[in-house]
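Next comes input-v2.cif, with mmCIF, C-alpha atoms and all ligand atoms.
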data_structure
#
loop_
_atom_site.label_atom_id
_atom_site.label_comp_id
_atom_site.auth_asym_id
_atom_site.auth_seq_id
_atom_site.Cartn_x
_atom_site.Cartn_y
_atom_site.Cartn_z
CA MET A 47 -8.86 22.05 -15.71
CA SER A 48 -5.76 19.89 -15.17
CA ALA A 49 -3.18 21.19 -12.66
CA ASP A 50 -2.82 24.36 -10.60
CA PRO A 51 0.85 25.20 -9.87
CA ASP A 52 -0.07 26.71 -6.48
CA CYS A 53 -2.18 23.75 -5.31
CA LEU A 54 -0.88 21.49 -2.52
CA PHE A 55 -2.77 18.41 -3.73
CA CYS A 56 -1.72 18.94 -7.37
CA LYS A 57 1.87 18.80 -6.06
CA ILE A 58 1.18 15.62 -4.07
CA VAL A 59 -0.58 14.01 -7.06
CA ALA A 60 2.41 14.88 -9.28
CA GLY A 61 4.83 13.41 -6.73
CA ASP A 62 6.48 16.78 -6.16
CA LEU A 63 5.61 16.54 -2.46
CA PRO A 64 5.76 13.32 -0.42
CA SER A 65 2.68 11.43 0.73
CA ASP A 66 1.72 8.01 2.01
CA MET A 67 -0.03 6.91 -1.18
CA VAL A 68 -2.41 3.94 -0.87
CA TYR A 69 -3.88 4.00 -4.40
CA ARG A 70 -2.69 5.40 -7.68
CA GLY A 71 -4.88 5.18 -10.79
CA ASP A 72 -4.86 7.17 -14.02
CA ARG A 73 -7.54 9.60 -12.83
CA VAL A 74 -7.78 9.08 -9.07
CA VAL A 75 -5.23 8.73 -6.27
CA ALA A 76 -5.57 8.24 -2.52
CA PHE A 77 -3.16 9.00 0.30
CA ARG A 78 -3.28 9.01 4.09
CA ASP A 79 -4.27 12.23 5.79
CA ILE A 80 -1.26 13.87 7.45
CA LYS A 81 -3.35 14.51 10.58
CA PRO A 82 -5.66 11.51 10.91
CA ALA A 83 -8.96 12.08 12.71
CA ALA A 84 -9.87 8.38 12.80
CA PRO A 85 -8.07 5.01 12.70
CA THR A 86 -8.65 5.01 8.93
CA HIS A 87 -8.42 8.48 7.43
CA ILE A 88 -7.53 8.53 3.75
CA LEU A 89 -8.08 11.25 1.18
CA VAL A 90 -9.39 10.22 -2.23
CA VAL A 91 -8.43 12.80 -4.82
CA PRO A 92 -8.81 13.22 -8.58
CA VAL A 93 -5.61 13.77 -10.55
CA ASP A 94 -7.23 16.73 -12.33
CA HIS A 95 -7.65 19.92 -10.34
CA HIS A 96 -11.28 20.70 -9.48
CA PRO A 97 -11.87 23.09 -6.55
CA ASP A 98 -14.71 21.22 -4.85
CA VAL A 99 -17.10 18.31 -5.21
CA VAL A 100 -19.98 20.38 -6.60
CA GLN A 101 -17.78 21.78 -9.36
CA LEU A 102 -16.42 18.30 -10.05
CA ALA A 103 -19.97 16.96 -10.39
CA ALA A 104 -20.81 19.72 -12.87
CA LYS A 105 -17.67 19.25 -14.97
CA ASP A 106 -16.92 15.53 -14.90
CA GLU A 107 -19.61 13.30 -13.45
CA PRO A 108 -17.85 10.02 -14.42
CA LEU A 109 -14.80 11.15 -12.47
CA LEU A 110 -16.94 11.76 -9.38
CA THR A 111 -18.37 8.27 -9.77
CA GLU A 112 -14.86 6.85 -10.05
CA LEU A 113 -13.82 8.74 -6.91
CA VAL A 114 -16.69 7.17 -4.94
CA THR A 115 -15.98 3.71 -6.37
CA VAL A 116 -12.30 3.92 -5.44
CA ALA A 117 -13.25 5.15 -1.96
CA GLY A 118 -15.42 2.05 -1.51
CA GLU A 119 -12.63 -0.27 -2.65
CA ILE A 120 -10.12 1.35 -0.29
CA ALA A 121 -12.57 1.27 2.62
CA LYS A 122 -13.20 -2.42 1.94
CA ALA A 123 -9.48 -3.20 1.93
CA GLU A 124 -8.67 -1.05 4.96
CA ALA A 125 -11.73 -1.16 7.15
CA GLY A 126 -14.21 -3.84 6.06
CA GLY A 127 -16.17 -1.55 3.74
CA GLU A 128 -18.19 0.56 6.19
CA PHE A 129 -17.09 4.17 6.22
CA ARG A 130 -17.95 7.84 6.03
CA LEU A 131 -17.14 9.76 2.87
CA LEU A 132 -16.94 13.48 3.67
CA PHE A 133 -16.48 16.36 1.26
CA ASN A 134 -16.03 19.68 3.04
CA THR A 135 -17.26 22.24 0.53
CA GLY A 136 -16.33 25.87 1.10
CA ALA A 137 -14.15 27.56 3.70
CA ALA A 138 -17.07 28.13 6.10
CA ALA A 139 -17.69 24.37 6.02
CA GLY A 140 -14.09 23.56 6.91
CA GLN A 141 -12.54 23.15 3.46
CA THR A 142 -8.88 24.15 3.66
CA VAL A 143 -7.48 22.60 0.48
CA PHE A 144 -9.31 23.71 -2.65
CA HIS A 145 -8.61 20.62 -4.72
CA VAL A 146 -11.54 18.30 -4.18
CA HIS A 147 -10.88 15.43 -1.79
CA GLY A 148 -13.17 12.94 -0.13
CA HIS A 149 -12.25 12.05 3.44
CA ILE A 150 -12.58 8.28 3.87
CA LEU A 151 -13.18 7.87 7.61
CA ALA A 152 -13.62 4.58 9.43
CA GLY A 153 -13.51 3.78 13.11
CA GLU A 154 -14.02 6.26 15.89
CA ILE A 155 -13.63 9.88 14.81
CA THR A 156 -11.42 11.71 17.27
CA GLY A 157 -11.70 15.21 15.86
CA LEU A 158 -11.91 16.83 12.47
CA THR A 159 -9.88 19.95 11.75
CA ALA A 160 -11.82 23.17 11.27
P1 LIG B 1 -10.27 19.87 4.30
O1 LIG B 1 -10.19 20.62 5.62
O2 LIG B 1 -9.89 20.77 3.13
O3 LIG B 1 -11.55 19.14 4.09
O4 LIG B 1 -9.18 18.73 4.39
C1 LIG B 1 -7.84 18.91 4.16
C2 LIG B 1 -7.14 17.72 4.77
O5 LIG B 1 -5.84 17.65 4.21
C3 LIG B 1 -6.96 17.84 6.28
O6 LIG B 1 -7.57 16.72 6.92
C4 LIG B 1 -5.46 17.87 6.49
O7 LIG B 1 -5.03 17.17 7.62
C5 LIG B 1 -4.94 17.25 5.20
N1 LIG B 1 -3.65 17.74 4.77
C6 LIG B 1 -3.23 19.04 4.76
N2 LIG B 1 -1.98 19.12 4.27
C7 LIG B 1 -1.61 17.84 3.97
C8 LIG B 1 -0.41 17.28 3.43
O8 LIG B 1 0.56 17.96 3.12
N3 LIG B 1 -0.39 15.93 3.27
C9 LIG B 1 -1.44 15.13 3.61
N4 LIG B 1 -1.32 13.81 3.41
N5 LIG B 1 -2.59 15.63 4.12
C10 LIG B 1 -2.67 16.97 4.28
ZN ZN B 2 -5.02 20.93 -7.39
#
What is this structure when it is put down as structure tokens?
Amino acid sequence: MSADPDCLFCKIVAGDLPSDMVYRGDRVVAFRDIKPAAPTHILVVPVDHHPDVVQLAAKDEPLLTELVTVAGEIAKAEAGGEFRLLFNTGAAAGQTVFHVHGHILAGEITGLTA
């Protein structure tokens, strides 16, 4: 799966919608969450469209590894390297955007949306 024309994060990845991008690689990008729930709140996102982290793991394990590696590098640069990496998986668990994204969270969490 590559891109979904109706997907918000596919549009951000493609540059069709604005974002505060902190990392751009060939297969992974990262941008600041529009509604930060912590002093550091960055979303790490594969360029390819995969609905959630479990489906990403099944389809492209190296890409999942790259996502985690990039998250660690960003957390090191932004917050000393200690962080939470959260993947909401499924609507009942709070997932609202169905293009897999890891929430990089560091510092005090002040509230996570739904
Ligand atoms: P989820 O609830 O799916 O785990 O996380 C979706 C996250 O995307 C939320 O934390 C929300 O604030 C963020 N978000 C939603 N729309 C946008 C947007 O247009 N730009 C950015 N940068 N973040 C967004
Ligand atoms: Zn997408």
Nearest to A:Ile155 among A:Leu131, A:Ala83, A:Ala49, A:Val75, with distances taken over all atoms listed in the file: which residue is it?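 Ranking A:Leu131, A:Ala83, A:Ala49, A:Val75 by distance to A:Ile155, first place goes to A:Ala83.
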Neighbouring residues of ligand LIG 1 (chain B) are defined here as those with any atom at most 8 Å from a ligand atom, counting only C-alpha atoms and all ligand atoms; list them as a PyMOL selection string. chain A and resi 54-55+58+63-66+77-83+89+132-135+140-149+158-160
12 Å contact set for A:Pro92, all atoms listed in the file, chain neighbours under 5 positions out, as a PDB file with C-alpha atoms, in the frame of the given file:
ATOM      1  CA  MET A  47      -8.860  22.050 -15.710  1.00  0.00           C
ATOM      2  CA  SER A  48      -5.760  19.890 -15.170  1.00  0.00           C
ATOM      3  CA  ALA A  49      -3.180  21.190 -12.660  1.00  0.00           C
ATOM      4  CA  PHE A  55      -2.770  18.410  -3.730  1.00  0.00           C
ATOM      5  CA  CYS A  56      -1.720  18.940  -7.370  1.00  0.00           C
ATOM      6  CA  ILE A  58       1.180  15.620  -4.070  1.00  0.00           C
ATOM      7  CA  VAL A  59      -0.580  14.010  -7.060  1.00  0.00           C
ATOM      8  CA  ALA A  60       2.410  14.880  -9.280  1.00  0.00           C
ATOM      9  CA  TYR A  69      -3.880   4.000  -4.400  1.00  0.00           C
ATOM     10  CA  ARG A  70      -2.690   5.400  -7.680  1.00  0.00           C
ATOM     11  CA  GLY A  71      -4.880   5.180 -10.790  1.00  0.00           C
ATOM     12  CA  ASP A  72      -4.860   7.170 -14.020  1.00  0.00           C
ATOM     13  CA  ARG A  73      -7.540   9.600 -12.830  1.00  0.00           C
ATOM     14  CA  VAL A  74      -7.780   9.080  -9.070  1.00  0.00           C
ATOM     15  CA  VAL A  75      -5.230   8.730  -6.270  1.00  0.00           C
ATOM     16  CA  ALA A  76      -5.570   8.240  -2.520  1.00  0.00           C
ATOM     17  CA  PHE A  77      -3.160   9.000   0.300  1.00  0.00           C
ATOM     18  CA  PRO A  97     -11.870  23.090  -6.550  1.00  0.00           C
ATOM     19  CA  ASP A  98     -14.710  21.220  -4.850  1.00  0.00           C
ATOM     20  CA  VAL A  99     -17.100  18.310  -5.210  1.00  0.00           C
ATOM     21  CA  LEU A 102     -16.420  18.300 -10.050  1.00  0.00           C
ATOM     22  CA  ALA A 103     -19.970  16.960 -10.390  1.00  0.00           C
ATOM     23  CA  ASP A 106     -16.920  15.530 -14.900  1.00  0.00           C
ATOM     24  CA  GLU A 107     -19.610  13.300 -13.450  1.00  0.00           C
ATOM     25  CA  PRO A 108     -17.850  10.020 -14.420  1.00  0.00           C
ATOM     26  CA  LEU A 109     -14.800  11.150 -12.470  1.00  0.00           C
ATOM     27  CA  LEU A 110     -16.940  11.760  -9.380  1.00  0.00           C
ATOM     28  CA  THR A 111     -18.370   8.270  -9.770  1.00  0.00           C
ATOM     29  CA  GLU A 112     -14.860   6.850 -10.050  1.00  0.00           C
ATOM     30  CA  LEU A 113     -13.820   8.740  -6.910  1.00  0.00           C
ATOM     31  CA  VAL A 114     -16.690   7.170  -4.940  1.00  0.00           C
ATOM     32  CA  VAL A 116     -12.300   3.920  -5.440  1.00  0.00           C
ATOM     33  CA  ALA A 117     -13.250   5.150  -1.960  1.00  0.00           C
ATOM     34  CA  HIS A 145      -8.610  20.620  -4.720  1.00  0.00           C
ATOM     35  CA  VAL A 146     -11.540  18.300  -4.180  1.00  0.00           C
ATOM     36  CA  HIS A 147     -10.880  15.430  -1.790  1.00  0.00           C
ATOM     37  CA  GLY A 148     -13.170  12.940  -0.130  1.00  0.00           C
TER      38      GLY A 148
END
Counting only C-alpha atoms, figure out which residue out of A:Lys105, A:Val100, A:Leu151, A:Asp94 gets nearest to A:Gly127.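 For A:Gly127, the nearest of the given residues is A:Leu151.
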Of the residues A:Val91, A:Ala84, A:Ala121, A:Val68, which is the one nearest to ligand ZN 2 (chain B), using only C-alpha atoms and all ligand atoms?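 Closest to ligand ZN 2 (chain B) of all the choices is A:Val91.
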